[in-house]
file run-v2.txt (compact mmCIF, C-alpha atoms)
# COMPACT_ATOMS: atom_id res chain seq x y z
CA SER U 1 -49.83 -79.26 -37.14
CA VAL U 2 -52.17 -79.48 -40.11
CA PHE U 3 -51.00 -82.99 -40.97
CA PRO U 4 -52.61 -86.18 -39.79
CA ALA U 5 -50.74 -87.89 -36.98
CA ARG U 6 -49.84 -90.73 -39.33
CA ALA U 7 -48.71 -88.64 -42.31
CA SER U 8 -46.14 -90.51 -44.33
CA LEU U 9 -42.64 -89.31 -45.00
CA GLN U 10 -43.54 -89.01 -48.69
CA GLU U 11 -46.57 -86.82 -47.93
CA LEU U 12 -44.51 -84.55 -45.69
CA VAL U 13 -41.69 -84.28 -48.23
CA THR U 14 -44.22 -83.33 -50.90
CA GLN U 15 -45.48 -80.51 -48.68
CA LEU U 16 -41.95 -79.01 -48.48
CA SER U 17 -42.45 -77.51 -51.94
CA HIS U 18 -45.87 -76.03 -51.12
CA HIS U 19 -46.29 -72.30 -51.80
CA ASN U 20 -47.53 -71.58 -48.26
CA THR U 21 -44.89 -70.81 -45.61
CA HIS U 22 -46.90 -72.38 -42.79
CA THR U 23 -47.42 -75.59 -44.78
CA ARG U 24 -43.66 -75.92 -45.42
CA ARG U 25 -42.85 -75.16 -41.76
CA ASP U 26 -45.47 -77.64 -40.52
CA ALA U 27 -44.16 -80.31 -42.92
CA LEU U 28 -40.68 -79.86 -41.43
CA SER U 29 -42.11 -80.16 -37.91
CA GLY U 30 -44.00 -83.27 -39.00
CA LEU U 31 -40.79 -84.76 -40.42
CA GLN U 32 -38.99 -84.05 -37.16
CA GLN U 33 -41.73 -85.85 -35.22
CA LEU U 34 -41.78 -88.77 -37.65
CA ILE U 35 -38.00 -89.22 -37.67
CA THR U 36 -37.78 -88.87 -33.89
CA ALA U 37 -40.43 -91.58 -33.45
CA HIS U 38 -39.12 -93.81 -36.29
CA PRO U 39 -35.42 -93.06 -36.97
CA THR U 40 -35.06 -96.01 -39.34
CA GLU U 41 -37.42 -94.20 -41.75
CA ALA U 42 -34.72 -91.54 -42.24
CA THR U 43 -32.13 -94.13 -43.20
CA ARG U 44 -34.52 -96.13 -45.35
CA HIS U 45 -35.58 -93.04 -47.30
CA ALA U 46 -32.33 -91.07 -46.98
CA ALA U 47 -32.16 -89.91 -50.61
CA LEU U 48 -35.75 -88.65 -50.65
CA LEU U 49 -35.43 -87.03 -47.24
CA LEU U 50 -32.02 -85.38 -47.51
CA GLU U 51 -32.54 -84.07 -51.03
CA ALA U 52 -35.89 -82.57 -50.01
CA LEU U 53 -34.51 -81.01 -46.84
CA VAL U 54 -31.49 -79.42 -48.46
CA THR U 55 -33.65 -77.54 -50.97
CA ARG U 56 -35.08 -75.51 -48.08
CA VAL U 57 -31.67 -74.06 -47.10
CA SER U 58 -32.32 -71.02 -49.32
CA ASP U 59 -36.00 -70.73 -48.45
CA GLY U 60 -36.98 -67.08 -48.34
CA GLU U 61 -38.98 -67.46 -45.13
CA GLN U 62 -37.32 -67.42 -41.71
CA PRO U 63 -39.81 -69.82 -40.02
CA VAL U 64 -39.08 -72.46 -42.66
CA ARG U 65 -35.30 -72.12 -42.29
CA THR U 66 -35.63 -72.26 -38.49
CA ALA U 67 -37.72 -75.45 -38.72
CA LEU U 68 -35.20 -76.89 -41.20
CA LEU U 69 -32.31 -76.31 -38.82
CA SER U 70 -34.30 -77.96 -36.03
CA VAL U 71 -35.16 -81.07 -38.05
CA LEU U 72 -31.57 -81.40 -39.26
CA ARG U 73 -29.99 -80.98 -35.81
CA MET U 74 -32.54 -82.86 -33.72
CA ALA U 75 -33.67 -85.64 -36.03
CA ALA U 76 -32.44 -86.10 -39.61
CA LEU U 77 -28.65 -85.83 -39.27
CA PRO U 78 -28.43 -87.94 -36.08
CA ALA U 79 -30.78 -90.54 -37.57
CA VAL U 80 -28.89 -91.01 -40.85
CA GLY U 81 -25.38 -90.75 -39.43
CA PRO U 82 -22.15 -89.89 -41.25
CA ALA U 83 -21.96 -93.05 -43.39
CA VAL U 84 -25.37 -92.45 -44.97
CA LEU U 85 -24.81 -88.69 -45.17
CA SER U 86 -21.49 -88.99 -47.01
CA PRO U 87 -22.78 -89.42 -50.58
CA PHE U 88 -25.11 -86.44 -50.10
CA LEU U 89 -22.42 -83.96 -49.03
CA PRO U 90 -21.87 -82.66 -52.59
CA VAL U 91 -25.61 -81.94 -52.88
CA PHE U 92 -25.58 -80.22 -49.49
CA MET U 93 -22.56 -78.15 -50.45
CA ALA U 94 -24.14 -77.08 -53.75
CA HIS U 95 -27.23 -75.80 -51.94
CA LEU U 96 -25.15 -74.30 -49.14
CA SER U 97 -22.99 -72.49 -51.70
CA ALA U 98 -26.08 -70.87 -53.14
CA ALA U 99 -27.42 -70.00 -49.70
CA LEU U 100 -24.08 -68.64 -48.46
CA THR U 101 -24.02 -66.18 -51.35
CA HIS U 102 -27.73 -65.32 -51.19
CA LEU U 103 -28.74 -61.66 -51.34
CA SER U 104 -30.47 -61.94 -47.96
CA ALA U 105 -28.13 -61.72 -44.96
CA ASP U 106 -30.61 -63.81 -42.95
CA VAL U 107 -30.41 -66.65 -45.49
CA ARG U 108 -26.60 -66.45 -45.42
CA LEU U 109 -26.51 -66.61 -41.61
CA ASP U 110 -28.95 -69.53 -41.50
CA ALA U 111 -26.83 -71.33 -44.11
CA LEU U 112 -23.86 -70.99 -41.76
CA ALA U 113 -25.97 -72.59 -39.03
CA VAL U 114 -26.77 -75.51 -41.37
CA LEU U 115 -23.06 -75.82 -42.16
CA GLU U 116 -22.35 -75.87 -38.43
CA ALA U 117 -24.99 -78.61 -37.94
CA LEU U 118 -23.36 -80.70 -40.67
CA THR U 119 -19.94 -80.22 -39.09
CA GLU U 120 -21.27 -81.25 -35.68
CA ALA U 121 -23.08 -84.29 -37.11
CA ALA U 122 -20.19 -85.54 -39.27
CA PRO U 123 -16.90 -83.85 -38.33
CA GLN U 124 -14.81 -86.58 -39.97
CA LEU U 125 -16.57 -86.14 -43.31
CA MET U 126 -16.30 -82.37 -43.20
CA SER U 127 -12.59 -82.37 -42.38
CA ALA U 128 -11.50 -85.14 -44.77
CA ASP U 129 -12.45 -83.55 -48.09
CA GLN U 130 -9.84 -81.11 -49.50
CA GLN U 131 -12.29 -79.44 -51.88
CA LEU U 132 -14.68 -78.95 -49.01
CA GLN U 133 -11.87 -77.49 -46.91
CA ALA U 134 -11.18 -74.85 -49.57
CA ALA U 135 -14.87 -73.99 -49.82
CA LEU U 136 -15.17 -73.72 -46.04
CA ALA U 137 -12.19 -71.37 -45.86
CA HIS U 138 -13.86 -69.17 -48.47
CA TYR U 139 -17.15 -69.07 -46.57
CA ILE U 140 -15.43 -68.39 -43.26
CA GLY U 141 -13.89 -65.37 -44.95
CA LEU U 142 -17.29 -64.26 -46.20
CA ALA U 143 -18.78 -64.63 -42.75
CA SER U 144 -15.99 -62.89 -40.89
CA ARG U 145 -16.81 -59.77 -38.92
CA SER U 146 -15.10 -57.50 -41.43
CA ASN U 147 -17.48 -58.65 -44.15
CA ARG U 148 -20.76 -58.55 -42.20
CA GLY U 149 -23.25 -56.14 -43.63
CA THR U 150 -21.35 -55.72 -46.87
CA SER U 151 -22.49 -56.60 -50.33
CA VAL U 152 -22.20 -60.15 -51.63
CA LYS U 153 -20.05 -58.69 -54.43
CA SER U 154 -17.33 -57.68 -51.94

call {"tool": "encode", "arguments": {"input": "run-v2.txt", "output": "structure tokens"}}
result
Amino acid sequence: SVFPARASLQELVTQLSHHNTHTRRDALSGLQQLITAHPTEATRHAALLLEALVTRVSDGEQPVRTALLSVLRMAALPAVGPAVLSPFLPVFMAHLSAALTHLSADVRLDALAVLEALTEAAPQLMSADQQLQAALAHYIGLASRSNRGTSVKS
């Protein structure tokens, strides 16, 4: 990692918007290490952290999206928990909606993996919201086998 061992959450979040793919990927790895070592940091800075992470869902670079999925599954979502995550679900769904209709099939597939991670981390939240249920049904239809490899316009 190119970041100092004691890089702050704020410094790492700032690097998520860097133009360089490796810098963004390394910032996500640094966040995963930081949250794993200090899970209370994720809860204390939930707004900053979750809003920064969700913007990477549509990142054009595969290594960044892979690192995002790792930090969400292994560190951020378990650390914040469903109660803290709840107010951020609309923000997540807005970014996921964009990613799930992205021109790149790879971005769409990775967005489904993020959606799966959210569902695993907070199944009660994901199943309780009627609007979310309708959106999920739509995206399941988009992701079905019959639609794979077809245009987003289909």

call {"tool": "closest_residue", "arguments": {"input": "run-v2.txt", "among": "U:Leu85, U:Asp26, U:Ala37, U:Ala42", "to": "Leu9 in chain U", "atoms": "all atoms listed in the file"}}
result
U:Ala42

call {"tool": "atom_distance", "arguments": {"input": "run-v2.txt", "atom1": "CA of Asn20 in chain U", "atom2": "CA of Arg65 in chain U"}}
result
13.6 Å

call {"tool": "closest_residue", "arguments": {"input": "run-v2.txt", "among": "U:Ile35, U:Ala46, U:Val13, U:Ala111", "to": "Ala98 in chain U", "atoms": "only C-alpha atoms"}}
result
U:Ala111

call {"tool": "atom_distance", "arguments": {"input": "run-v2.txt", "atom1": "CA of Val71 in chain U", "atom2": "CA of Gln130 in chain U"}}
result
27.8 Å

call {"tool": "atom_distance", "arguments": {"input": "run-v2.txt", "atom1": "CA of Gln33 in chain U", "atom2": "CA of Val54 in chain U"}}
result
17.9 Å

call {"tool": "axis_aligned_box", "arguments": {"input": "run-v2.txt", "around": "range 78-90 of chain U", "padding_each_side": "5 Å", "output": "lines of an AutoDock Vina configuration file"}}
result
center_x = -26.1
center_y = -87.9
center_z = -44.3
size_x = 19.3
size_y = 20.4
size_z = 26.5
